[in-house]
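Enquirer: Just one file: run19.pdb, with PDB, C-alpha atoms.
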ATOM      1  CA  MET Z   1       0.000   0.000   0.000
ATOM      2  CA  SER Z   2       1.856   3.060  -1.246
ATOM      3  CA  ARG Z   3       2.057   6.275   0.748
ATOM      4  CA  ILE Z   4      -0.270   9.075  -0.390
ATOM      5  CA  THR Z   5       1.515  12.321  -1.227
ATOM      6  CA  THR Z   6       0.196  15.615  -2.607
ATOM      7  CA  PRO Z   7       1.684  18.840  -4.008
ATOM      8  CA  PHE Z   8       1.025  20.537  -0.649
ATOM      9  CA  ASP Z   9       3.122  20.773   2.515
ATOM     10  CA  ALA Z  10       3.194  22.224   6.035
ATOM     11  CA  ARG Z  11       3.121  25.804   4.718
ATOM     12  CA  SER Z  12       0.043  25.302   2.541
ATOM     13  CA  THR Z  13      -3.199  26.955   3.641
ATOM     14  CA  ALA Z  14      -6.797  25.839   3.433
ATOM     15  CA  SER Z  15      -7.218  28.237   0.508
ATOM     16  CA  ASP Z  16      -4.312  26.597  -1.297
ATOM     17  CA  VAL Z  17      -5.689  23.067  -1.075
ATOM     18  CA  ILE Z  18      -9.282  24.039  -1.950
ATOM     19  CA  GLU Z  19      -8.293  26.126  -4.990
ATOM     20  CA  GLY Z  20     -10.133  24.941  -8.097
ATOM     21  CA  VAL Z  21     -12.429  22.598  -6.154
ATOM     22  CA  ASP Z  22     -16.173  23.086  -6.716
ATOM     23  CA  LEU Z  23     -18.397  21.915  -3.856
ATOM     24  CA  THR Z  24     -21.638  23.378  -5.207
ATOM     25  CA  GLY Z  25     -24.529  21.209  -4.074
ATOM     26  CA  LYS Z  26     -22.474  19.507  -1.356
ATOM     27  CA  ARG Z  27     -23.394  19.627   2.317
ATOM     28  CA  ALA Z  28     -20.855  19.657   5.138
ATOM     29  CA  VAL Z  29     -20.876  19.555   8.941
ATOM     30  CA  VAL Z  30     -17.931  20.870  10.972
ATOM     31  CA  THR Z  31     -17.916  20.270  14.725
ATOM     32  CA  GLY Z  32     -16.330  23.079  16.699
ATOM     33  CA  GLY Z  33     -16.756  25.318  13.681
ATOM     34  CA  ALA Z  34     -17.081  28.577  15.620
ATOM     35  CA  SER Z  35     -13.369  29.224  16.092
ATOM     36  CA  GLY Z  36      -9.822  28.130  15.347
ATOM     37  CA  ILE Z  37      -9.180  25.604  12.616
ATOM     38  CA  GLY Z  38     -12.841  24.557  12.636
ATOM     39  CA  LEU Z  39     -13.837  28.029  11.539
ATOM     40  CA  GLU Z  40     -11.158  28.115   8.843
ATOM     41  CA  THR Z  41     -12.187  24.649   7.628
ATOM     42  CA  ALA Z  42     -15.794  25.822   7.380
ATOM     43  CA  ARG Z  43     -14.688  28.992   5.595
ATOM     44  CA  ALA Z  44     -12.787  27.053   2.932
ATOM     45  CA  LEU Z  45     -15.646  24.613   2.332
ATOM     46  CA  ALA Z  46     -18.229  27.400   2.106
ATOM     47  CA  THR Z  47     -15.986  29.411  -0.222
ATOM     48  CA  ALA Z  48     -15.858  26.407  -2.538
ATOM     49  CA  GLY Z  49     -19.657  26.285  -2.650
ATOM     50  CA  ALA Z  50     -20.660  23.863   0.105
ATOM     51  CA  GLN Z  51     -23.627  24.383   2.387
ATOM     52  CA  VAL Z  52     -21.955  24.288   5.797
ATOM     53  CA  THR Z  53     -23.441  23.571   9.213
ATOM     54  CA  LEU Z  54     -21.438  24.628  12.272
ATOM     55  CA  ALA Z  55     -22.125  22.067  15.002
ATOM     56  CA  VAL Z  56     -21.197  23.900  18.194
ATOM     57  CA  ARG Z  57     -21.734  23.849  21.948
ATOM     58  CA  ASP Z  58     -22.059  27.642  22.188
ATOM     59  CA  THR Z  59     -24.676  28.634  19.630
ATOM     60  CA  ALA Z  60     -24.194  32.352  20.282
ATOM     61  CA  ALA Z  61     -20.543  32.025  19.282
ATOM     62  CA  GLY Z  62     -21.669  29.847  16.398
ATOM     63  CA  GLU Z  63     -24.045  32.520  15.135
ATOM     64  CA  ARG Z  64     -21.272  35.131  15.257
ATOM     65  CA  ALA Z  65     -19.014  32.810  13.274
ATOM     66  CA  ALA Z  66     -21.784  32.051  10.790
ATOM     67  CA  ALA Z  67     -22.404  35.760  10.263
ATOM     68  CA  ASP Z  68     -18.691  36.205   9.551
ATOM     69  CA  LEU Z  69     -18.756  33.343   7.052
ATOM     70  CA  ARG Z  70     -21.898  34.605   5.333
ATOM     71  CA  ALA Z  71     -20.335  38.039   4.912
ATOM     72  CA  ALA Z  72     -16.971  36.654   3.750
ATOM     73  CA  THR Z  73     -18.324  34.046   1.324
ATOM     74  CA  GLY Z  74     -21.534  35.670   0.130
ATOM     75  CA  ARG Z  75     -23.447  32.507   1.060
ATOM     76  CA  ASP Z  76     -26.623  32.807   3.104
ATOM     77  CA  ASP Z  77     -26.929  29.089   3.854
ATOM     78  CA  VAL Z  78     -24.300  28.758   6.603
ATOM     79  CA  ARG Z  79     -26.219  27.101   9.423
ATOM     80  CA  VAL Z  80     -25.659  26.675  13.166
ATOM     81  CA  ALA Z  81     -26.797  23.727  15.268
ATOM     82  CA  ARG Z  82     -26.192  22.909  18.912
ATOM     83  CA  LEU Z  83     -23.910  19.970  19.672
ATOM     84  CA  ASP Z  84     -22.254  19.139  22.994
ATOM     85  CA  LEU Z  85     -20.029  16.102  22.589
ATOM     86  CA  THR Z  86     -20.420  15.161  26.263
ATOM     87  CA  ASP Z  87     -24.231  15.369  26.124
ATOM     88  CA  ARG Z  88     -25.783  12.433  24.317
ATOM     89  CA  ALA Z  89     -29.145  14.198  24.153
ATOM     90  CA  THR Z  90     -27.713  16.953  21.947
ATOM     91  CA  ILE Z  91     -25.922  14.406  19.758
ATOM     92  CA  ASP Z  92     -29.091  12.379  19.334
ATOM     93  CA  ALA Z  93     -31.085  15.529  18.607
ATOM     94  CA  PHE Z  94     -28.581  16.615  15.961
ATOM     95  CA  THR Z  95     -28.542  13.265  14.166
ATOM     96  CA  ALA Z  96     -32.331  12.844  14.412
ATOM     97  CA  GLY Z  97     -32.842  16.326  13.026
ATOM     98  CA  TRP Z  98     -30.564  15.888  10.033
ATOM     99  CA  THR Z  99     -32.433  15.254   6.791
ATOM    100  CA  GLY Z 100     -31.050  14.409   3.379
ATOM    101  CA  PRO Z 101     -27.568  13.359   2.297
ATOM    102  CA  LEU Z 102     -24.373  14.522   4.012
ATOM    103  CA  ASP Z 103     -21.247  14.764   1.856
ATOM    104  CA  VAL Z 104     -18.630  15.827   4.391
ATOM    105  CA  LEU Z 105     -18.383  15.372   8.166
ATOM    106  CA  VAL Z 106     -15.397  16.988   9.884
ATOM    107  CA  ASP Z 107     -14.988  15.718  13.469
ATOM    108  CA  ASN Z 108     -12.946  18.714  14.571
ATOM    109  CA  ALA Z 109     -14.019  19.836  18.063
ATOM    110  CA  GLY Z 110     -12.013  18.767  21.064
ATOM    111  CA  VAL Z 111     -10.750  19.317  24.581
ATOM    112  CA  MET Z 112      -7.087  19.084  25.598
ATOM    113  CA  ALA Z 113      -5.092  18.372  28.746
ATOM    114  CA  LEU Z 114      -7.754  18.797  31.420
ATOM    115  CA  PRO Z 115      -5.691  19.434  34.576
ATOM    116  CA  GLU Z 116      -7.873  17.303  36.853
ATOM    117  CA  LEU Z 117      -9.739  14.055  36.315
ATOM    118  CA  THR Z 118     -13.178  14.994  35.043
ATOM    119  CA  ARG Z 119     -15.957  12.592  34.174
ATOM    120  CA  SER Z 120     -18.883  12.749  31.797
ATOM    121  CA  PRO Z 121     -22.410  12.048  33.069
ATOM    122  CA  GLU Z 122     -21.832   8.389  32.134
ATOM    123  CA  GLY Z 123     -18.688   8.242  34.276
ATOM    124  CA  TRP Z 124     -16.298   8.267  31.318
ATOM    125  CA  GLU Z 125     -13.025  10.209  31.435
ATOM    126  CA  ALA Z 126     -13.968  13.542  29.888
ATOM    127  CA  GLN Z 127     -11.351  13.781  27.138
ATOM    128  CA  PHE Z 128     -12.073  10.249  25.922
ATOM    129  CA  ALA Z 129     -15.789  11.036  26.201
ATOM    130  CA  ALA Z 130     -15.668  14.258  24.170
ATOM    131  CA  ASN Z 131     -12.892  13.661  21.675
ATOM    132  CA  HIS Z 132     -13.632  10.033  20.825
ATOM    133  CA  LEU Z 133     -16.970   8.777  22.123
ATOM    134  CA  GLY Z 134     -18.940  11.940  21.358
ATOM    135  CA  HIS Z 135     -17.649  12.057  17.815
ATOM    136  CA  ALA Z 136     -18.169   8.320  17.440
ATOM    137  CA  ALA Z 137     -21.818   8.662  18.472
ATOM    138  CA  LEU Z 138     -22.273  11.574  16.069
ATOM    139  CA  THR Z 139     -20.597   9.799  13.160
ATOM    140  CA  LEU Z 140     -22.481   6.544  13.683
ATOM    141  CA  GLY Z 141     -25.732   8.478  13.978
ATOM    142  CA  LEU Z 142     -25.090  10.159  10.627
ATOM    143  CA  HIS Z 143     -24.230   6.931   8.783
ATOM    144  CA  ASP Z 144     -27.392   6.830   6.691
ATOM    145  CA  ALA Z 145     -27.009  10.468   5.628
ATOM    146  CA  LEU Z 146     -23.380   9.839   4.651
ATOM    147  CA  ALA Z 147     -24.282   6.644   2.803
ATOM    148  CA  ALA Z 148     -26.966   8.557   0.877
ATOM    149  CA  ALA Z 149     -24.344  10.911  -0.584
ATOM    150  CA  PRO Z 150     -22.071   9.882  -3.440
ATOM    151  CA  ALA Z 151     -18.512   9.362  -2.135
ATOM    152  CA  ALA Z 152     -19.057  10.943   1.288
ATOM    153  CA  ARG Z 153     -15.986  11.795   3.364
ATOM    154  CA  VAL Z 154     -15.469  11.682   7.123
ATOM    155  CA  VAL Z 155     -12.492  13.674   8.421
ATOM    156  CA  VAL Z 156     -11.244  12.990  11.956
ATOM    157  CA  VAL Z 157      -9.025  15.628  13.555
ATOM    158  CA  SER Z 158      -6.632  13.718  15.790
ATOM    159  CA  SER Z 159      -3.184  14.900  16.937
ATOM    160  CA  SER Z 160       0.495  14.036  17.143
ATOM    161  CA  ALA Z 161      -0.304  13.758  20.865
ATOM    162  CA  HIS Z 162      -1.478  10.220  20.080
ATOM    163  CA  LEU Z 163       2.239   9.391  20.362
ATOM    164  CA  ILE Z 164       1.989  10.060  24.107
ATOM    165  CA  SER Z 165      -0.247   7.093  24.835
ATOM    166  CA  PRO Z 166      -1.980   4.098  23.276
ATOM    167  CA  VAL Z 167      -5.502   3.238  24.357
ATOM    168  CA  VAL Z 168      -5.118   1.530  27.728
ATOM    169  CA  PHE Z 169      -8.025  -0.869  27.361
ATOM    170  CA  ASP Z 170      -7.617  -2.258  30.879
ATOM    171  CA  ASP Z 171      -8.349   1.150  32.398
ATOM    172  CA  ILE Z 172      -9.541   3.633  29.782
ATOM    173  CA  HIS Z 173     -11.335   5.856  32.286
ATOM    174  CA  TYR Z 174      -8.638   6.083  34.982
ATOM    175  CA  THR Z 175     -10.466   4.032  37.561
ATOM    176  CA  ASP Z 176      -7.291   2.537  39.021
ATOM    177  CA  ARG Z 177      -4.303   4.289  37.440
ATOM    178  CA  PRO Z 178      -3.136   7.820  38.315
ATOM    179  CA  TYR Z 179      -4.634  10.507  36.106
ATOM    180  CA  ASP Z 180      -2.447  12.602  33.826
ATOM    181  CA  GLY Z 181      -4.051  15.198  31.556
ATOM    182  CA  TRP Z 182      -1.614  14.712  28.689
ATOM    183  CA  SER Z 183      -1.752  10.911  28.667
ATOM    184  CA  ALA Z 184      -5.558  11.109  28.748
ATOM    185  CA  TYR Z 185      -5.486  13.496  25.801
ATOM    186  CA  GLY Z 186      -3.049  11.262  23.934
ATOM    187  CA  GLN Z 187      -5.182   8.184  24.582
ATOM    188  CA  SER Z 188      -8.282   9.950  23.246
ATOM    189  CA  LYS Z 189      -6.451  10.990  20.086
ATOM    190  CA  THR Z 190      -5.146   7.451  19.531
ATOM    191  CA  ALA Z 191      -8.725   6.237  19.885
ATOM    192  CA  MET Z 192      -9.814   8.643  17.164
ATOM    193  CA  ILE Z 193      -7.252   7.195  14.740
ATOM    194  CA  LEU Z 194      -8.137   3.596  15.608
ATOM    195  CA  PHE Z 195     -11.816   4.375  15.100
ATOM    196  CA  THR Z 196     -10.914   5.828  11.700
ATOM    197  CA  VAL Z 197      -9.248   2.549  10.750
ATOM    198  CA  ALA Z 198     -12.261   0.570  11.969
ATOM    199  CA  LEU Z 199     -14.807   2.808  10.224
ATOM    200  CA  ALA Z 200     -12.884   2.672   6.957
ATOM    201  CA  GLU Z 201     -13.282  -1.092   6.962
ATOM    202  CA  GLN Z 202     -16.843  -1.198   8.295
ATOM    203  CA  TRP Z 203     -18.138   1.384   5.809
ATOM    204  CA  ALA Z 204     -16.086   0.548   2.722
ATOM    205  CA  ALA Z 205     -19.082  -0.998   0.985
ATOM    206  CA  ASP Z 206     -21.083   2.201   1.566
ATOM    207  CA  GLY Z 207     -18.675   4.315  -0.465
ATOM    208  CA  ILE Z 208     -17.734   6.404   2.591
ATOM    209  CA  THR Z 209     -14.064   7.271   3.086
ATOM    210  CA  VAL Z 210     -12.701   7.993   6.566
ATOM    211  CA  ASN Z 211      -9.293   9.538   7.284
ATOM    212  CA  ALA Z 212      -7.601  11.067  10.323
ATOM    213  CA  LEU Z 213      -5.047  13.833  10.639
ATOM    214  CA  HIS Z 214      -2.746  15.898  12.807
ATOM    215  CA  PRO Z 215      -3.354  19.577  12.029
ATOM    216  CA  GLY Z 216      -0.081  20.868  13.490
ATOM    217  CA  GLY Z 217       0.483  23.243  16.372
ATOM    218  CA  ILE Z 218      -1.928  26.183  16.223
ATOM    219  CA  VAL Z 219      -2.768  28.775  18.876
ATOM    220  CA  THR Z 220      -6.526  28.326  19.452
ATOM    221  CA  ASN Z 221      -9.008  27.899  22.302
ATOM    222  CA  LEU Z 222      -7.748  24.319  22.582
ATOM    223  CA  GLN Z 223      -4.960  25.590  24.867
ATOM    224  CA  ARG Z 224      -7.414  27.172  27.321
ATOM    225  CA  HIS Z 225      -6.659  24.601  30.044
ATOM    226  CA  LEU Z 226      -2.868  25.058  29.938
ATOM    227  CA  ASP Z 227      -1.160  27.106  32.639
ATOM    228  CA  ASP Z 228       1.764  29.432  31.942
ATOM    229  CA  ALA Z 229       4.353  26.751  32.668
ATOM    230  CA  GLN Z 230       2.788  24.410  30.132
ATOM    231  CA  LEU Z 231       2.384  27.200  27.565
ATOM    232  CA  ARG Z 232       6.051  28.109  28.022
ATOM    233  CA  PHE Z 233       7.042  24.450  27.689
ATOM    234  CA  VAL Z 234       5.278  24.089  24.331
ATOM    235  CA  GLY Z 235       6.712  27.389  23.128
ATOM    236  CA  ALA Z 236       3.527  29.456  23.149
ATOM    237  CA  LEU Z 237       4.881  32.106  25.556
ATOM    238  CA  ASP Z 238       7.864  34.412  25.017
ATOM    239  CA  GLU Z 239      10.455  35.212  27.694
ATOM    240  CA  GLN Z 240       8.293  38.041  29.009
ATOM    241  CA  GLY Z 241       5.311  35.733  29.425
ATOM    242  CA  ASN Z 242       3.354  37.091  26.481
ATOM    243  CA  ARG Z 243       1.342  34.653  24.365
ATOM    244  CA  LEU Z 244       2.635  34.365  20.841
ATOM    245  CA  GLU Z 245       0.150  34.477  17.977
ATOM    246  CA  VAL Z 246       2.210  32.040  15.890
ATOM    247  CA  PRO Z 247       5.072  30.530  17.936
ATOM    248  CA  PRO Z 248       8.172  29.321  16.047
ATOM    249  CA  GLY Z 249       7.402  26.050  14.246
ATOM    250  CA  TRP Z 250       3.647  26.461  14.699
ATOM    251  CA  LYS Z 251       1.023  27.158  12.039
ATOM    252  CA  THR Z 252      -1.542  29.847  11.426
ATOM    253  CA  PRO Z 253      -5.180  28.714  11.732
ATOM    254  CA  GLN Z 254      -5.386  28.817   7.911
ATOM    255  CA  GLN Z 255      -2.416  26.454   7.653
ATOM    256  CA  GLY Z 256      -3.755  24.307  10.492
ATOM    257  CA  ALA Z 257      -7.035  23.802   8.630
ATOM    258  CA  ALA Z 258      -5.346  22.778   5.396
ATOM    259  CA  THR Z 259      -5.066  19.040   6.026
ATOM    260  CA  SER Z 260      -8.694  18.865   7.180
ATOM    261  CA  VAL Z 261      -9.785  20.628   3.997
ATOM    262  CA  LEU Z 262      -7.551  18.397   1.873
ATOM    263  CA  LEU Z 263      -9.216  15.272   3.263
ATOM    264  CA  ALA Z 264     -12.676  16.824   3.049
ATOM    265  CA  ALA Z 265     -12.551  17.991  -0.547
ATOM    266  CA  SER Z 266      -9.356  17.518  -2.532
ATOM    267  CA  PRO Z 267      -9.272  15.240  -5.584
ATOM    268  CA  HIS Z 268      -5.733  14.272  -4.536
ATOM    269  CA  VAL Z 269      -7.171  11.945  -1.877
ATOM    270  CA  GLU Z 270     -10.280  10.739  -3.682
ATOM    271  CA  GLY Z 271     -11.049   7.147  -2.690
ATOM    272  CA  VAL Z 272      -8.340   7.106  -0.003
ATOM    273  CA  THR Z 273      -9.536   5.699   3.312
ATOM    274  CA  GLY Z 274      -8.255   4.489   6.669
ATOM    275  CA  ARG Z 275      -5.105   6.630   6.619
ATOM    276  CA  TYR Z 276      -3.507   9.235   8.911
ATOM    277  CA  PHE Z 277      -2.159  12.487   7.477
ATOM    278  CA  GLU Z 278      -0.039  15.414   8.624
ATOM    279  CA  ASP Z 279       1.214  18.472   6.717
ATOM    280  CA  ASN Z 280      -1.128  17.572   3.815
ATOM    281  CA  ASN Z 281       0.495  14.202   3.155
ATOM    282  CA  GLU Z 282       0.133  10.733   4.600
ATOM    283  CA  ALA Z 283       2.257  10.481   7.723
ATOM    284  CA  LEU Z 284       5.318   8.283   7.904
ATOM    285  CA  PRO Z 285       5.872   5.862  10.804
ATOM    286  CA  ALA Z 286       7.076   7.792  13.847
ATOM    287  CA  PRO Z 287      10.878   7.521  14.083
ATOM    288  CA  ASP Z 288      10.852   8.596  17.725
ATOM    289  CA  PRO Z 289       7.684   9.096  19.796
ATOM    290  CA  ALA Z 290       9.365  11.928  21.697
ATOM    291  CA  GLY Z 291       9.758  13.814  18.421
ATOM    292  CA  MET Z 292       5.960  14.067  18.031
ATOM    293  CA  VAL Z 293       6.199  13.477  14.280
ATOM    294  CA  GLY Z 294       4.673  10.637  12.287
ATOM    295  CA  VAL Z 295       2.220   7.964  13.338
ATOM    296  CA  ALA Z 296       2.572   5.270  15.999
ATOM    297  CA  PRO Z 297       2.126   1.662  14.813
ATOM    298  CA  TYR Z 298      -0.406   1.057  17.598
ATOM    299  CA  ALA Z 299      -2.662   3.788  16.190
ATOM    300  CA  LEU Z 300      -3.098   1.968  12.870
ATOM    301  CA  ASP Z 301      -3.126  -1.608  14.187
ATOM    302  CA  PRO Z 302      -6.200  -3.378  12.729
ATOM    303  CA  THR Z 303      -6.518  -5.723  15.715
ATOM    304  CA  LEU Z 304      -6.543  -2.808  18.149
ATOM    305  CA  ALA Z 305      -8.930  -0.947  15.849
ATOM    306  CA  ASN Z 306     -11.353  -3.853  15.968
ATOM    307  CA  HIS Z 307     -11.004  -4.001  19.757
ATOM    308  CA  LEU Z 308     -11.780  -0.285  20.026
ATOM    309  CA  TRP Z 309     -14.711  -0.650  17.611
ATOM    310  CA  LYS Z 310     -16.304  -3.278  19.852
ATOM    311  CA  GLU Z 311     -15.567  -1.312  23.030
ATOM    312  CA  THR Z 312     -17.020   1.860  21.500
ATOM    313  CA  LEU Z 313     -20.230   0.132  20.418
ATOM    314  CA  HIS Z 314     -20.532  -1.403  23.898
ATOM    315  CA  LEU Z 315     -20.100   1.968  25.655
ATOM    316  CA  LEU Z 316     -22.526   3.692  23.286
ATOM    317  CA  ASN Z 317     -25.030   0.803  23.589
ATOM    318  CA  HIS Z 318     -25.096   0.228  19.844
TER     319      HIS Z 318
END
Give the structure from this file in structure tokens form.

Expert:
Amino acid sequence: MSRITTPFDARSTASDVIEGVDLTGKRAVVTGGASGIGLETARALATAGAQVTLAVRDTAAGERAAADLRAATGRDDVRVARLDLTDRATIDAFTAGWTGPLDVLVDNAGVMALPELTRSPEGWEAQFAANHLGHAALTLGLHDALAAAPAARVVVVSSSAHLISPVVFDDIHYTDRPYDGWSAYGQSKTAMILFTVALAEQWAADGITVNALHPGGIVTNLQRHLDDAQLRFVGALDEQGNRLEVPPGWKTPQQGAATSVLLAASPHVEGVTGRYFEDNNEALPAPDPAGMVGVAPYALDPTLANHLWKETLHLLNH
């Protein structure tokens, strides 16, 4: 299976990868589309002609973002719908309320490095609950809409943080082991890649492609739970303690959205499924987990993917 490469790289923007692509008549959903790379992903898709729905927890922020997109793109069909990935009722309401085909689903929203162990109403560790299980419930609930579209695409925004931790199936929700915010985040992002691998196989006959990605380092609301020491460690603060808009080696939100947009719309990845991308190309195996580059073998392991698939269906009562 040869590696997928494109003419784009880490410096490419969402506008670069969407150039020349016509999405007229297509419908897209972007979770967390009110800010950061979700907003820039939605902007690129709408600019190319797609009818975009921002699935957001804060609908007031979503409406402000939608107004921005309508003004910037000239489209009056940018929609906003409430979605809280830790609230099954909102997920069920969103999927039940969706009518007609869905061409693109971008599972983009997320929470990172919660400093203390937090649990969802079901008792699940909150990062695993929001990043993986919430998106899994949403994606499974939209299966029929995706299958009704020709060549639908599901895009899963994971992270290089998956290199921090595999899924610890013996204690996913930190019942017995000590909690660490970064390992919990890494585990949730590994789960998202494994679920991508499982979905790609499960839905192959439906003509739905599913791919995951690392967007790169981008200053967004995702860092809201980091203290100054952690922000300094990752390079987001200067020596005076000021937050940097684009720290050295990081990306702008437009660059951070590029790989999501590539997988959502580019002809360069048409028919590609079950892969993990970074910097607009399929990722290579990680040479050194500490380097936070590439993909861990455990994240693409089909046996582990099948294990996660079964565990996910069990937790979601499917």

Enquirer: For the contact check between segment 107-181 of chain Z and segment 304-315 of chain Z, emit one row per residue of segment 107-181 of chain Z within 9 Å, containing the shortest atom pair and the distance in Å rounded to one decimal, counting all atoms listed in the file, chain then rising number order, as a tab-separated table.

Expert:
residue	atom	partner	partner_atom	distance
Z:His132	CA	Z:Thr312	CA	8.9
Z:Leu133	CA	Z:Thr312	CA	6.9
Z:Ala136	CA	Z:Thr312	CA	7.7
Z:Ala137	CA	Z:Thr312	CA	8.9
Z:Val167	CA	Z:Leu308	CA	8.4
Z:Phe169	CA	Z:Leu308	CA	8.3

Enquirer: Looking at all atoms listed in the file, which of Z:Val272, Z:Leu140, Z:Ala34, Z:Ala48 is the one that sits closest to Gly62 of chain Z?

Expert: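 Among the listed residues, the smallest separation from Gly62 of chain Z belongs to Z:Ala34.
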
Enquirer: Given the file above and the PyMOL selection byres ((chain Z and resi 259) around 9), which residues are selected, and can you give them as an mmCIF file with C-alpha atoms, in the frame of the given file?

Expert:
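To be explicit, this is the file written out as out.cif:
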data_model
loop_
_atom_site.group_PDB
_atom_site.id
_atom_site.type_symbol
_atom_site.label_atom_id
_atom_site.label_comp_id
_atom_site.auth_asym_id
_atom_site.auth_seq_id
_atom_site.Cartn_x
_atom_site.Cartn_y
_atom_site.Cartn_z
ATOM 1 C CA ALA Z 10 3.194 22.224 6.035
ATOM 2 C CA SER Z 12 0.043 25.302 2.541
ATOM 3 C CA THR Z 13 -3.199 26.955 3.641
ATOM 4 C CA ALA Z 14 -6.797 25.839 3.433
ATOM 5 C CA VAL Z 17 -5.689 23.067 -1.075
ATOM 6 C CA LEU Z 213 -5.047 13.833 10.639
ATOM 7 C CA HIS Z 214 -2.746 15.898 12.807
ATOM 8 C CA PRO Z 215 -3.354 19.577 12.029
ATOM 9 C CA GLN Z 255 -2.416 26.454 7.653
ATOM 10 C CA GLY Z 256 -3.755 24.307 10.492
ATOM 11 C CA ALA Z 257 -7.035 23.802 8.630
ATOM 12 C CA ALA Z 258 -5.346 22.778 5.396
ATOM 13 C CA SER Z 260 -8.694 18.865 7.180
ATOM 14 C CA VAL Z 261 -9.785 20.628 3.997
ATOM 15 C CA LEU Z 262 -7.551 18.397 1.873
ATOM 16 C CA LEU Z 263 -9.216 15.272 3.263
ATOM 17 C CA ALA Z 264 -12.676 16.824 3.049
ATOM 18 C CA PHE Z 277 -2.159 12.487 7.477
ATOM 19 C CA GLU Z 278 -0.039 15.414 8.624
ATOM 20 C CA ASP Z 279 1.214 18.472 6.717
ATOM 21 C CA ASN Z 280 -1.128 17.572 3.815
ATOM 22 C CA ASN Z 281 0.495 14.202 3.155
#

Enquirer: Evaluating the PyMOL selection byres ((chain Z and resi 50-56) around 6) on the displayed file yields which residues, as a ChimeraX atom specification?

Expert: /Z:23-24,26-33,45-46,49,57-58,77-83

Enquirer: On this structure, which residues satisfy the PyMOL selection byres ((chain Z and resi 189) around 8), written as a PyMOL selection string?

Expert: chain Z and resi 131-132+158-159+161-162+185-188+190-193

Enquirer: From the list Z:Asp107, Z:Glu63, Z:Asp171, Z:Glu116, which residue is nearest Gly38 of chain Z when using all atoms listed in the file?

Expert: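 Of the candidates, the smallest distance to Gly38 of chain Z is held by Z:Asp107.
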
Enquirer: Would you mind listing what lies within 10 Å of Ala152 of chain Z as a PDB file with C-alpha atoms, in the coordinates of the input, with only C-alpha atoms counted and same-chain residues fewer than 2 positions away left out?

Expert:
ATOM      1  CA  LYS Z  26     -22.474  19.507  -1.356  1.00  0.00           C
ATOM      2  CA  ARG Z  27     -23.394  19.627   2.317  1.00  0.00           C
ATOM      3  CA  ALA Z  28     -20.855  19.657   5.138  1.00  0.00           C
ATOM      4  CA  PRO Z 101     -27.568  13.359   2.297  1.00  0.00           C
ATOM      5  CA  LEU Z 102     -24.373  14.522   4.012  1.00  0.00           C
ATOM      6  CA  ASP Z 103     -21.247  14.764   1.856  1.00  0.00           C
ATOM      7  CA  VAL Z 104     -18.630  15.827   4.391  1.00  0.00           C
ATOM      8  CA  LEU Z 105     -18.383  15.372   8.166  1.00  0.00           C
ATOM      9  CA  HIS Z 143     -24.230   6.931   8.783  1.00  0.00           C
ATOM     10  CA  ALA Z 145     -27.009  10.468   5.628  1.00  0.00           C
ATOM     11  CA  LEU Z 146     -23.380   9.839   4.651  1.00  0.00           C
ATOM     12  CA  ALA Z 147     -24.282   6.644   2.803  1.00  0.00           C
ATOM     13  CA  ALA Z 148     -26.966   8.557   0.877  1.00  0.00           C
ATOM     14  CA  ALA Z 149     -24.344  10.911  -0.584  1.00  0.00           C
ATOM     15  CA  PRO Z 150     -22.071   9.882  -3.440  1.00  0.00           C
ATOM     16  CA  VAL Z 154     -15.469  11.682   7.123  1.00  0.00           C
ATOM     17  CA  ASP Z 206     -21.083   2.201   1.566  1.00  0.00           C
ATOM     18  CA  GLY Z 207     -18.675   4.315  -0.465  1.00  0.00           C
ATOM     19  CA  ILE Z 208     -17.734   6.404   2.591  1.00  0.00           C
ATOM     20  CA  THR Z 209     -14.064   7.271   3.086  1.00  0.00           C
ATOM     21  CA  VAL Z 210     -12.701   7.993   6.566  1.00  0.00           C
ATOM     22  CA  ALA Z 264     -12.676  16.824   3.049  1.00  0.00           C
ATOM     23  CA  ALA Z 265     -12.551  17.991  -0.547  1.00  0.00           C
ATOM     24  CA  GLY Z 271     -11.049   7.147  -2.690  1.00  0.00           C
TER      25      GLY Z 271
END
